[in-house]
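Undergrad: Take a look at work-v3.txt, compact mmCIF, C-alpha atoms:
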# COMPACT_ATOMS: atom_id res chain seq x y z
CA GLN D 1 109.86 163.74 73.57
CA GLY D 2 112.83 162.72 75.70
CA ALA D 3 116.35 164.08 75.74
CA PRO D 4 118.91 162.75 73.27
CA ALA D 5 120.97 159.72 74.28
CA GLN D 6 124.18 160.42 76.12
CA GLU D 7 127.11 158.42 77.38
CA LEU D 8 127.09 157.83 81.13
CA ASP D 9 130.05 157.79 83.50
CA ASP D 10 130.53 155.45 86.50
CA LYS D 11 128.39 157.60 88.83
CA ALA D 12 125.49 158.17 86.40
CA PRO D 13 123.63 154.94 87.26
CA LEU D 14 123.19 156.29 90.80
CA ILE D 15 121.68 159.61 89.68
CA PRO D 16 117.85 159.63 89.97
CA LEU D 17 115.88 159.20 86.75
CA ALA D 18 114.12 162.56 87.24
CA ASP D 19 114.01 165.48 89.65
CA GLY D 20 112.05 164.60 92.77
CA LEU D 21 112.72 160.85 92.49
CA ILE D 22 115.23 158.61 94.23
CA LEU D 23 114.72 155.74 91.75
CA SER D 24 117.85 155.42 89.60
CA PRO D 25 119.07 153.30 86.67
CA PHE D 26 121.03 151.24 89.25
CA ASP D 27 117.73 150.21 90.88
CA LEU D 28 116.33 148.99 87.56
CA GLN D 29 119.46 147.44 86.03
CA LEU D 30 120.47 145.45 89.14
CA PRO D 31 124.15 145.33 88.11
CA PHE D 32 125.17 143.76 91.43
CA THR D 33 123.61 140.46 90.36
CA HIS D 34 126.57 140.13 87.95
CA TRP D 35 129.42 141.39 90.13
CA PRO D 36 132.21 138.79 90.29
CA ALA D 37 132.70 139.10 94.07
CA THR D 38 129.33 137.63 95.07
CA ALA D 39 128.91 135.09 97.86
CA TYR D 40 125.95 132.96 98.91
CA LEU D 41 125.13 133.55 102.59
CA THR D 42 122.14 131.45 103.60
CA THR D 43 118.59 130.39 102.87
CA GLU D 44 116.01 131.98 105.15
CA LYS D 45 112.39 133.09 105.25
CA ARG D 46 111.47 136.72 104.42
CA ARG D 47 107.75 136.36 103.76
CA ARG D 48 108.85 133.50 101.46
CA PRO D 49 111.95 131.27 101.40
CA VAL D 50 114.86 133.17 99.83
CA HIS D 51 118.55 132.65 99.12
CA THR D 52 120.60 135.61 100.35
CA PHE D 53 123.84 136.90 98.84
CA ASP D 54 126.44 139.60 99.44
CA ALA D 55 127.87 141.25 96.33
CA LEU D 56 130.99 143.42 96.68
CA ASN D 57 131.55 146.29 94.26
CA GLN D 58 134.95 147.32 92.93
CA VAL D 59 137.03 149.18 95.52
CA GLY D 60 136.20 152.88 95.61
CA ARG D 61 132.80 152.54 93.93
CA GLU D 62 129.42 153.01 95.54
CA PRO D 63 127.55 151.18 96.77
CA ALA D 64 130.42 149.21 98.29
CA LYS D 65 128.20 146.17 98.95
CA VAL D 66 124.71 144.96 98.12
CA ASN D 67 122.94 142.30 100.16
CA PHE D 68 120.16 140.77 98.08
CA ALA D 69 117.55 138.05 98.31
CA ILE D 70 116.36 135.76 95.51
CA ASP D 71 113.09 133.85 95.87
CA ARG D 72 114.01 130.17 96.32
CA ILE D 73 111.10 128.87 94.22
CA TYR D 74 110.78 131.44 91.42
CA GLY D 75 114.40 132.62 91.16
CA VAL D 76 113.51 136.33 91.15
CA LEU D 77 114.99 139.17 93.16
CA VAL D 78 112.71 140.23 96.00
CA GLN D 79 114.90 142.61 98.02
CA ALA D 80 118.25 144.41 97.79
CA SER D 81 119.98 146.60 100.39
CA CYS D 82 122.94 148.83 99.49
CA TYR D 83 125.76 149.65 101.90
CA ASP D 84 128.48 152.29 101.79
CA ALA D 85 132.20 151.66 102.42
CA ASN D 86 131.61 152.08 106.19
CA GLY D 87 128.98 149.32 106.24
CA LYS D 88 126.05 151.72 106.67
CA LYS D 89 122.83 150.80 104.84
CA THR D 90 122.05 153.53 102.29
CA ARG D 91 119.01 152.30 100.34
CA THR D 92 116.68 149.34 100.07
CA THR D 93 114.80 148.11 97.02
CA GLN D 94 111.81 145.88 97.73
CA VAL D 95 109.60 144.04 95.24
CA GLU D 96 106.03 144.78 96.28
CA GLU D 97 103.97 142.97 93.65
CA PHE D 98 104.10 140.69 90.62
CA SER D 99 101.48 140.44 87.87
CA LYS D 100 100.75 137.88 85.17
CA VAL D 101 100.52 139.04 81.55
CA ASP D 102 99.41 136.23 79.26
CA ASP D 103 101.49 133.32 80.60
CA GLN D 104 104.40 135.37 81.91
CA TRP D 105 104.89 136.74 85.41
CA MET D 106 106.54 140.16 85.67
CA LEU D 107 107.32 142.91 88.14
CA ALA D 108 104.24 145.05 88.81
CA ALA D 109 105.51 147.24 91.67
CA CYS D 110 108.69 147.89 93.62
CA SER D 111 109.74 150.45 96.19
CA VAL D 112 113.06 152.18 96.83
CA LEU D 113 113.81 153.61 100.27
CA ASP D 114 116.60 156.09 100.99
CA GLU D 115 117.72 154.94 104.45
CA ALA D 116 119.19 158.34 105.44
CA THR D 117 116.22 160.57 104.56
CA ARG D 118 113.52 157.88 104.75
CA ASP D 119 112.22 159.17 101.39
CA ALA D 120 110.64 156.45 99.28
CA ASP D 121 109.58 155.93 95.69
CA LEU D 122 107.07 153.39 94.43
CA LEU D 123 107.36 152.27 90.82
CA ARG D 124 104.07 150.78 89.65
CA ILE D 125 103.83 149.28 86.18
CA THR D 126 100.29 149.50 84.83
CA GLU D 127 100.72 148.22 81.25
CA ALA D 128 103.24 146.01 79.47
CA ALA D 129 103.96 144.77 75.97
CA LEU D 130 105.67 141.40 76.24
CA GLY D 131 107.05 139.35 73.39
CA GLU D 132 107.47 142.36 71.08
CA ARG D 133 110.15 142.12 68.40
CA LEU D 134 112.29 145.24 68.13
CA ALA D 135 114.03 146.10 64.88
CA PRO D 136 117.83 145.60 65.11
CA GLN D 137 118.46 149.28 64.27
CA THR D 138 116.67 150.21 67.52
CA PHE D 139 119.96 149.56 69.33
CA GLU D 140 122.35 151.21 66.87
CA PRO D 141 124.08 154.34 68.25
CA ALA D 142 122.95 156.45 65.27
CA THR D 143 119.27 155.87 66.13
CA LEU D 144 119.44 156.52 69.88
CA ALA D 145 118.60 160.23 69.54
CA ARG D 146 115.22 159.39 67.95
CA PRO D 147 112.21 158.26 69.97
CA ALA D 148 111.67 154.50 69.92
CA ALA D 149 108.55 153.14 68.27
CA GLN D 150 105.71 152.43 70.69
CA PRO D 151 104.90 148.72 71.09
CA ALA D 152 101.62 147.82 69.43
CA HIS D 153 100.14 145.42 71.98
CA PHE D 154 100.11 146.93 75.48
CA LYS D 155 98.12 144.97 78.05
CA LYS D 156 96.90 146.20 81.42
CA LEU D 157 98.36 144.53 84.48
Could you write out this structure as structure tokens?
TA:
Amino acid sequence: QGAPAQELDDKAPLIPLADGLILSPFDLQLPFTHWPATAYLTTEKRRRPVHTFDALNQVGREPAKVNFAIDRIYGVLVQASCYDANGKKTRTTQVEEFSKVDDQWMLAACSVLDEATRDADLLRITEAALGERLAPQTFEPATLARPAAQPAHFKKL
């Protein structure tokens, strides 16, 4: 069983999900894709044609900037690089693989590289349950301390 739910502060999304990992909630939530100070840079080829963007975080927050690439055809994020306030690259997230489950494409693997230590994590998804309907009470604060029900229809990727 997991730990009970807890409220997170501004720095919590950057804390690794578990000891020994560098993968953090920030890497999975991709909040920079919704930052108001985001500018289109160019369209270029990085394995595939991508649109590139710079997203600036609020002053005093880390990462200060994220440069990210969205696949021009499929509209999915394929790479994101974080920078500190001095313009130094701190980490890079790279989509490594997609997989098709039923008629839906989804992320199958992504890597996160710490640019300072050169440590890397690889997140590989091996099963998924798509199209599941979750009960509304799943998201109520009073139920967050209980384990969520397991989806019934996992499929291998």
Undergrad: Expressed in Å to a single decimal, how great is the separation between atom CA of Ala149 of chain D and atom CA of Glu132 of chain D?
TA: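 Here the two named atoms are 11.2 Å from each other.
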Undergrad: Name the closest residue to Gly75 of chain D among the candidates D:Pro141, D:Pro49, D:Pro13, D:Pro151; distances are taken between atoms, counting only C-alpha atoms.
TA: D:Pro49
Undergrad: Contacts between segment 15-29 of chain D and segment 45-103 of chain D, please, where a residue of segment 45-103 of chain D counts if it comes within 12 Å (with only C-alpha atoms); show its shortest atom pair and distance in Å to one decimal, rows by chain and ascending number, as CSV.
TA:
residue,atom,partner,partner_atom,distance
D:Glu62,CA,D:Phe26,CA,10.6
D:Pro63,CA,D:Phe26,CA,10.0
D:Val66,CA,D:Asp27,CA,11.3
D:Leu77,CA,D:Leu28,CA,11.4
D:Gln79,CA,D:Asp27,CA,10.8
D:Ala80,CA,D:Asp27,CA,9.0
D:Ser81,CA,D:Asp27,CA,10.4
D:Cys82,CA,D:Asp27,CA,10.2
D:Thr90,CA,D:Ile22,CA,11.7
D:Arg91,CA,D:Ile22,CA,9.6
D:Thr92,CA,D:Asp27,CA,9.3
D:Thr93,CA,D:Asp27,CA,7.1
D:Gln94,CA,D:Asp27,CA,10.0
D:Val95,CA,D:Asp27,CA,11.1
Undergrad: Which of these residues is nearest to Gly87 of chain D, using only C-alpha atoms: D:Ile125, D:Ala64, D:Ala39, D:Leu130?
TA: D:Ala64
Undergrad: Which residue out of D:Asn67, D:Thr126, D:Gln58, D:Thr143 has the minimum interatomic distance to Tyr40 of chain D when all atoms listed in the file are used?
TA: D:Asn67
Undergrad: What is the atom CA of Arg46 of chain D-atom CA of Val78 of chain D distance in Å, reported with one decimal?
TA: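 That distance, rounded to one decimal, is 9.2 Å.
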Undergrad: Please list as a PyMOL selection string every residue within 10 Å of Lys45 of chain D, counting only C-alpha atoms and excluding residues in the same chain fewer than 6 positions away.
TA: chain D and resi 51-52+69+71-72
Undergrad: Please write the residues from the selection above to a file, keeping C-alpha atoms, as a tab-separated table (two decimals), in the frame of the given file.
TA:
chain	number	residue	atom	x	y	z
D	51	HIS	CA	118.55	132.65	99.12
D	52	THR	CA	120.60	135.61	100.35
D	69	ALA	CA	117.55	138.05	98.31
D	71	ASP	CA	113.09	133.85	95.87
D	72	ARG	CA	114.01	130.17	96.32
Undergrad: Considering only C-alpha atoms, can you say which of D:Ala142, D:Val76, D:Leu30, D:Leu14 comes closest to Leu107 of chain D?
TA: D:Val76
Undergrad: Interatomic distance between atom CA of Val50 of chain D and atom CA of Ile70 of chain D?
TA: 5.3 Å
